[in-house]
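Raw contents of input_28.txt, compact mmCIF, N, CA and C atoms:
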# COMPACT_ATOMS: atom_id res chain seq x y z
N MET P 1 0.86 -1.18 0.00
CA MET P 1 0.00 0.00 0.00
C MET P 1 0.90 1.23 0.00
N ARG P 2 0.61 2.15 -0.91
CA ARG P 2 1.38 3.40 -1.03
C ARG P 2 1.03 4.35 0.12
N GLY P 3 1.88 5.35 0.28
CA GLY P 3 1.69 6.33 1.34
C GLY P 3 0.36 7.05 1.24
N GLU P 4 -0.04 7.41 0.00
CA GLU P 4 -1.32 8.10 -0.19
C GLU P 4 -2.49 7.21 0.22
N GLN P 5 -2.38 5.92 -0.11
CA GLN P 5 -3.45 4.99 0.25
C GLN P 5 -3.51 4.79 1.76
N ARG P 6 -2.37 4.76 2.42
CA ARG P 6 -2.38 4.63 3.88
C ARG P 6 -3.06 5.84 4.52
N LEU P 7 -2.77 7.02 3.97
CA LEU P 7 -3.41 8.23 4.48
C LEU P 7 -4.92 8.19 4.25
N MET P 8 -5.32 7.76 3.06
CA MET P 8 -6.76 7.67 2.75
C MET P 8 -7.44 6.65 3.66
N LEU P 9 -6.78 5.53 3.92
CA LEU P 9 -7.33 4.52 4.83
C LEU P 9 -7.49 5.11 6.23
N ALA P 10 -6.51 5.88 6.67
CA ALA P 10 -6.60 6.51 7.99
C ALA P 10 -7.77 7.49 8.05
N VAL P 11 -7.99 8.25 6.98
CA VAL P 11 -9.13 9.19 6.93
C VAL P 11 -10.44 8.41 7.01
N LEU P 12 -10.55 7.33 6.24
CA LEU P 12 -11.77 6.52 6.26
C LEU P 12 -12.00 5.90 7.64
N GLU P 13 -10.96 5.34 8.23
CA GLU P 13 -11.08 4.74 9.57
C GLU P 13 -11.52 5.78 10.59
N ASN P 14 -10.92 6.96 10.53
CA ASN P 14 -11.27 8.03 11.46
C ASN P 14 -12.74 8.43 11.30
N ALA P 15 -13.20 8.51 10.06
CA ALA P 15 -14.60 8.88 9.80
C ALA P 15 -15.54 7.82 10.35
N ILE P 16 -15.22 6.55 10.14
CA ILE P 16 -16.09 5.47 10.64
C ILE P 16 -16.12 5.47 12.16
N LEU P 17 -14.97 5.67 12.79
CA LEU P 17 -14.93 5.72 14.26
C LEU P 17 -15.74 6.90 14.79
N ALA P 18 -15.62 8.07 14.16
CA ALA P 18 -16.39 9.24 14.59
C ALA P 18 -17.88 9.00 14.40
N TYR P 19 -18.26 8.40 13.28
CA TYR P 19 -19.66 8.10 12.99
C TYR P 19 -20.25 7.19 14.06
N GLN P 20 -19.52 6.14 14.39
CA GLN P 20 -20.03 5.19 15.37
C GLN P 20 -19.99 5.75 16.79
N LYS P 21 -18.97 6.51 17.11
CA LYS P 21 -18.84 7.06 18.45
C LYS P 21 -19.91 8.10 18.76
N HIS P 22 -20.28 8.89 17.76
CA HIS P 22 -21.16 10.03 18.01
C HIS P 22 -22.59 9.82 17.54
N VAL P 23 -22.98 8.60 17.22
CA VAL P 23 -24.34 8.36 16.72
C VAL P 23 -25.40 8.85 17.71
N PHE P 24 -25.14 8.72 19.01
CA PHE P 24 -26.09 9.19 20.03
C PHE P 24 -25.46 10.22 20.96
N SER P 25 -24.51 10.94 20.46
CA SER P 25 -23.79 11.90 21.29
C SER P 25 -24.73 12.97 21.85
N PRO P 26 -24.70 13.18 23.16
CA PRO P 26 -25.57 14.20 23.74
C PRO P 26 -25.03 15.62 23.55
N GLY P 27 -23.73 15.74 23.33
CA GLY P 27 -23.13 17.07 23.21
C GLY P 27 -23.25 17.66 21.82
N ARG P 28 -23.23 18.98 21.77
CA ARG P 28 -23.36 19.69 20.50
C ARG P 28 -22.21 19.34 19.55
N ARG P 29 -20.99 19.27 20.07
CA ARG P 29 -19.83 18.97 19.23
C ARG P 29 -19.94 17.57 18.64
N GLY P 30 -20.33 16.60 19.46
CA GLY P 30 -20.47 15.22 18.98
C GLY P 30 -21.56 15.09 17.93
N ARG P 31 -22.69 15.75 18.15
CA ARG P 31 -23.77 15.71 17.16
C ARG P 31 -23.33 16.35 15.84
N LYS P 32 -22.56 17.43 15.95
CA LYS P 32 -22.07 18.09 14.75
C LYS P 32 -21.10 17.17 14.00
N LEU P 33 -20.21 16.52 14.71
CA LEU P 33 -19.28 15.57 14.08
C LEU P 33 -20.04 14.45 13.39
N PHE P 34 -21.07 13.93 14.04
CA PHE P 34 -21.87 12.87 13.44
C PHE P 34 -22.52 13.35 12.15
N ARG P 35 -23.16 14.51 12.19
CA ARG P 35 -23.84 15.05 10.99
C ARG P 35 -22.85 15.29 9.85
N GLU P 36 -21.70 15.87 10.18
CA GLU P 36 -20.70 16.13 9.15
C GLU P 36 -20.16 14.83 8.55
N THR P 37 -19.93 13.86 9.40
CA THR P 37 -19.43 12.57 8.92
C THR P 37 -20.47 11.87 8.07
N GLU P 38 -21.73 11.89 8.50
CA GLU P 38 -22.78 11.26 7.71
C GLU P 38 -22.95 11.96 6.37
N THR P 39 -22.88 13.27 6.35
CA THR P 39 -22.96 14.01 5.09
C THR P 39 -21.82 13.61 4.17
N TRP P 40 -20.62 13.47 4.70
CA TRP P 40 -19.45 13.05 3.92
C TRP P 40 -19.66 11.65 3.35
N LEU P 41 -20.16 10.73 4.20
CA LEU P 41 -20.38 9.35 3.77
C LEU P 41 -21.46 9.25 2.69
N LEU P 42 -22.46 10.11 2.76
CA LEU P 42 -23.58 10.04 1.82
C LEU P 42 -23.33 10.83 0.53
N SER P 43 -22.23 11.55 0.47
CA SER P 43 -21.91 12.35 -0.70
C SER P 43 -21.40 11.46 -1.84
N TYR P 44 -21.80 11.83 -3.04
CA TYR P 44 -21.33 11.11 -4.24
C TYR P 44 -20.25 11.91 -4.96
N ASP P 45 -19.73 12.93 -4.31
CA ASP P 45 -18.69 13.79 -4.87
C ASP P 45 -17.41 12.98 -5.10
N ARG P 46 -16.77 13.23 -6.21
CA ARG P 46 -15.48 12.60 -6.52
C ARG P 46 -14.45 13.66 -6.90
N CYS P 47 -14.78 14.93 -6.70
CA CYS P 47 -13.88 16.02 -7.12
C CYS P 47 -12.65 16.11 -6.21
N SER P 48 -12.84 15.90 -4.95
CA SER P 48 -11.73 15.98 -4.00
C SER P 48 -11.08 14.62 -3.85
N PRO P 49 -9.76 14.57 -3.71
CA PRO P 49 -9.11 13.27 -3.49
C PRO P 49 -9.49 12.65 -2.15
N PHE P 50 -10.01 13.47 -1.24
CA PHE P 50 -10.41 12.93 0.06
C PHE P 50 -11.92 12.88 0.24
N ALA P 51 -12.66 12.92 -0.84
CA ALA P 51 -14.09 12.66 -0.80
C ALA P 51 -14.28 11.16 -0.55
N PHE P 52 -15.37 10.80 0.09
CA PHE P 52 -15.63 9.40 0.43
C PHE P 52 -15.52 8.49 -0.80
N GLU P 53 -16.17 8.87 -1.89
CA GLU P 53 -16.15 8.05 -3.10
C GLU P 53 -14.73 7.92 -3.65
N SER P 54 -13.95 9.00 -3.64
CA SER P 54 -12.57 8.96 -4.13
C SER P 54 -11.71 8.05 -3.29
N ILE P 55 -11.88 8.12 -1.98
CA ILE P 55 -11.12 7.26 -1.08
C ILE P 55 -11.46 5.80 -1.33
N CYS P 56 -12.75 5.50 -1.45
CA CYS P 56 -13.15 4.11 -1.72
C CYS P 56 -12.56 3.63 -3.04
N ASP P 57 -12.59 4.47 -4.06
CA ASP P 57 -12.01 4.09 -5.34
C ASP P 57 -10.52 3.78 -5.20
N ALA P 58 -9.80 4.66 -4.51
CA ALA P 58 -8.35 4.49 -4.35
C ALA P 58 -8.01 3.23 -3.56
N LEU P 59 -8.91 2.84 -2.64
CA LEU P 59 -8.67 1.65 -1.81
C LEU P 59 -9.33 0.40 -2.39
N ASP P 60 -9.92 0.54 -3.57
CA ASP P 60 -10.60 -0.56 -4.25
C ASP P 60 -11.74 -1.12 -3.39
N LEU P 61 -12.49 -0.21 -2.78
CA LEU P 61 -13.67 -0.57 -1.98
C LEU P 61 -14.92 -0.13 -2.73
N ASP P 62 -15.99 -0.86 -2.58
CA ASP P 62 -17.27 -0.49 -3.17
C ASP P 62 -17.93 0.53 -2.23
N PRO P 63 -18.03 1.79 -2.63
CA PRO P 63 -18.59 2.80 -1.73
C PRO P 63 -20.03 2.50 -1.31
N SER P 64 -20.82 1.92 -2.21
CA SER P 64 -22.21 1.58 -1.87
C SER P 64 -22.25 0.51 -0.78
N TYR P 65 -21.35 -0.45 -0.86
CA TYR P 65 -21.30 -1.51 0.14
C TYR P 65 -20.93 -0.95 1.51
N VAL P 66 -19.90 -0.11 1.54
CA VAL P 66 -19.47 0.50 2.81
C VAL P 66 -20.58 1.38 3.37
N ARG P 67 -21.16 2.20 2.52
CA ARG P 67 -22.23 3.12 2.92
C ARG P 67 -23.43 2.34 3.46
N THR P 68 -23.86 1.31 2.73
CA THR P 68 -25.01 0.51 3.16
C THR P 68 -24.73 -0.17 4.50
N GLY P 69 -23.53 -0.67 4.67
CA GLY P 69 -23.17 -1.30 5.94
C GLY P 69 -23.25 -0.33 7.10
N LEU P 70 -22.77 0.88 6.91
CA LEU P 70 -22.82 1.87 7.98
C LEU P 70 -24.24 2.34 8.26
N LEU P 71 -25.04 2.51 7.23
CA LEU P 71 -26.43 2.91 7.44
C LEU P 71 -27.23 1.80 8.11
N THR P 72 -26.95 0.56 7.77
CA THR P 72 -27.61 -0.58 8.42
C THR P 72 -27.21 -0.62 9.89
N TRP P 73 -25.93 -0.41 10.17
CA TRP P 73 -25.45 -0.37 11.55
C TRP P 73 -26.18 0.73 12.32
N ARG P 74 -26.28 1.93 11.71
CA ARG P 74 -26.96 3.05 12.37
C ARG P 74 -28.42 2.72 12.66
N ASP P 75 -29.12 2.13 11.68
CA ASP P 75 -30.52 1.79 11.87
C ASP P 75 -30.70 0.77 12.99
N ARG P 76 -29.79 -0.18 13.07
CA ARG P 76 -29.86 -1.17 14.15
C ARG P 76 -29.61 -0.53 15.51
N GLN P 77 -28.68 0.41 15.56
CA GLN P 77 -28.42 1.11 16.82
C GLN P 77 -29.65 1.91 17.25
N CYS P 78 -30.30 2.55 16.30
CA CYS P 78 -31.52 3.32 16.61
C CYS P 78 -32.63 2.41 17.10
N ALA P 79 -32.79 1.25 16.44
CA ALA P 79 -33.81 0.29 16.87
C ALA P 79 -33.51 -0.23 18.27
N ARG P 80 -32.24 -0.52 18.52
CA ARG P 80 -31.83 -1.00 19.84
C ARG P 80 -32.09 0.07 20.91
N ALA P 81 -31.78 1.32 20.60
CA ALA P 81 -32.01 2.41 21.56
C ALA P 81 -33.51 2.58 21.83
N ALA P 82 -34.33 2.46 20.78
CA ALA P 82 -35.78 2.58 20.95
C ALA P 82 -36.30 1.45 21.84
N LEU P 83 -35.77 0.26 21.64
CA LEU P 83 -36.18 -0.88 22.45
C LEU P 83 -35.78 -0.67 23.91
N GLN P 84 -34.57 -0.20 24.12
CA GLN P 84 -34.12 0.05 25.49
C GLN P 84 -34.95 1.15 26.15
N ALA P 85 -35.30 2.17 25.39
CA ALA P 85 -36.12 3.26 25.94
C ALA P 85 -37.50 2.75 26.32
N SER P 86 -38.08 1.86 25.49
CA SER P 86 -39.40 1.35 25.83
C SER P 86 -39.35 0.41 27.02
N HIS P 87 -38.25 -0.31 27.16
CA HIS P 87 -38.10 -1.15 28.35
C HIS P 87 -37.97 -0.29 29.61
N ALA P 88 -37.29 0.84 29.48
CA ALA P 88 -37.18 1.76 30.61
C ALA P 88 -38.55 2.31 30.98
N ARG P 89 -39.37 2.65 29.97
CA ARG P 89 -40.73 3.12 30.25
C ARG P 89 -41.56 2.02 30.89
N LEU P 90 -41.36 0.78 30.45
CA LEU P 90 -42.08 -0.35 31.02
C LEU P 90 -41.76 -0.45 32.50
N ASP P 91 -40.48 -0.32 32.84
CA ASP P 91 -40.09 -0.39 34.24
C ASP P 91 -40.73 0.74 35.05
N GLU P 92 -40.82 1.93 34.45
CA GLU P 92 -41.38 3.08 35.16
C GLU P 92 -42.90 3.02 35.26
N GLU P 93 -43.55 2.61 34.17
CA GLU P 93 -45.00 2.67 34.11
C GLU P 93 -45.69 1.36 34.41
N GLY P 94 -44.94 0.26 34.37
CA GLY P 94 -45.54 -1.04 34.61
C GLY P 94 -46.47 -1.49 33.50
N MET P 95 -46.24 -0.99 32.30
CA MET P 95 -47.09 -1.35 31.16
C MET P 95 -46.25 -2.06 30.11
N ILE P 96 -46.92 -2.76 29.22
CA ILE P 96 -46.24 -3.42 28.11
C ILE P 96 -46.10 -2.41 26.98
N PRO P 97 -44.86 -2.14 26.53
CA PRO P 97 -44.67 -1.16 25.47
C PRO P 97 -45.02 -1.71 24.10
N VAL P 98 -45.47 -0.84 23.24
CA VAL P 98 -45.69 -1.19 21.85
C VAL P 98 -44.55 -0.55 21.07
N ILE P 99 -43.80 -1.37 20.36
CA ILE P 99 -42.63 -0.87 19.66
C ILE P 99 -42.88 -0.99 18.17
N GLU P 100 -42.75 0.11 17.47
CA GLU P 100 -42.87 0.10 16.02
C GLU P 100 -41.52 0.53 15.47
N THR P 101 -40.84 -0.40 14.83
CA THR P 101 -39.55 -0.11 14.24
C THR P 101 -39.59 -0.50 12.78
N ARG P 102 -39.24 0.43 11.93
CA ARG P 102 -39.21 0.14 10.50
C ARG P 102 -37.84 0.53 9.97
N VAL P 103 -37.16 -0.42 9.41
CA VAL P 103 -35.87 -0.16 8.81
C VAL P 103 -36.05 -0.19 7.31
N ASP P 104 -35.59 0.84 6.64
CA ASP P 104 -35.72 0.92 5.19
C ASP P 104 -34.69 -0.01 4.56
N ALA P 105 -35.16 -1.11 4.00
CA ALA P 105 -34.27 -2.11 3.43
C ALA P 105 -34.12 -1.96 1.93
N ARG P 106 -34.64 -0.87 1.36
CA ARG P 106 -34.49 -0.68 -0.08
C ARG P 106 -33.03 -0.43 -0.42
N ARG P 107 -32.69 -0.76 -1.63
CA ARG P 107 -31.35 -0.48 -2.11
C ARG P 107 -31.16 1.02 -2.24
N PRO P 108 -29.90 1.48 -2.09
CA PRO P 108 -29.65 2.90 -2.33
C PRO P 108 -30.00 3.25 -3.77
N PRO P 109 -30.33 4.51 -4.08
CA PRO P 109 -30.78 4.89 -5.42
C PRO P 109 -29.83 4.46 -6.53
N GLU P 110 -28.50 4.56 -6.29
CA GLU P 110 -27.57 4.21 -7.36
C GLU P 110 -27.57 2.73 -7.66
N VAL P 111 -27.89 1.89 -6.67
CA VAL P 111 -27.95 0.45 -6.90
C VAL P 111 -29.22 0.09 -7.63
N ARG P 112 -30.34 0.76 -7.26
CA ARG P 112 -31.60 0.49 -7.95
C ARG P 112 -31.49 0.88 -9.42
N ALA P 113 -30.79 1.94 -9.72
CA ALA P 113 -30.66 2.40 -11.10
C ALA P 113 -29.87 1.40 -11.94
N GLN P 114 -28.93 0.68 -11.31
CA GLN P 114 -28.11 -0.30 -12.03
C GLN P 114 -28.86 -1.59 -12.27
N ALA P 115 -29.84 -1.89 -11.42
CA ALA P 115 -30.56 -3.17 -11.52
C ALA P 115 -31.47 -3.22 -12.72
Encoding of this model in structure tokens:
Amino acid sequence: MRGEQRLMLAVLENAILAYQKHVFSPGRRGRKLFRETETWLLSYDRCSPFAFESICDALDLDPSYVRTGLLTWRDRQCARAALQASHARLDEEGMIPVIETRVDARRPPEVRAQA
């Protein structure tokens, strides 16, 4: 792996760690980092050498696969948090919670267009 690729891998790893660390961050800075990272991950820009798509290309990664994996992870974390919150309400209220969780399992738009 060349020096540029190692740097790009470090940028990608840092973004994934920030995304996962701050998904439920209570602080303003953490929420901002999460939003900025998610915006970067969801961008289809290839103009910058450090755009998500450019990094994936340089590392021979499928950006849709990485993106879908992270979005699936986020949706599961949200579902898990909702479940934990309803269990907490159950403990407080002594009632059985009704949980409605819907995860969007559709393919990303670029994958649907290729099919």
_Quick check, in Å to one decimal: how far apart do atom C of Lys21 (chain P) and CA of Leu33 (chain P) lie?_
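Those two atoms sit 8.8 Å apart.
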*Which residue gives the smallest distance to Pro63 (chain P) among P:Gln84, P:Leu12, P:Gly27, P:Glu36, with only C-alpha atoms counted?*
P:Leu12
*Could you tell me how far atom C of Met1 (chain P) lies from atom C of Asn14 (chain P), in Å and to one decimal?*
19.1 Å
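Note that the spacing between atom C of Arg74 (chain P) and atom C of Gln5 (chain P) amounts to 27.3 Å.
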*Shortest interatomic distance to Tyr65 (chain P) - which of P:Tyr19, P:Glu53, P:Ala79, P:Glu13, counting only C-alpha atoms*: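 Using only C-alpha atoms, the shortest distance to Tyr65 (chain P) belongs to P:Glu53.
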*as JSON, numbers by chain, which residues of region 22-81 of chain P does DSSP assign to alpha helix (DSSP H)?*
{"P": [28, 29, 30, 31, 32, 33, 34, 35, 36, 37, 38, 39, 40, 41, 42, 52, 53, 54, 55, 56, 57, 58, 63, 64, 65, 66, 67, 68, 69, 70, 71, 72, 73, 74, 75, 76, 77, 78, 79, 80, 81]}
*asked:* Given all atoms listed in the file as the basis, pick out the residue of P:Ala82, P:Phe34, P:Asp45, P:Arg2 nearest to Gln20 (chain P).
replied: P:Phe34
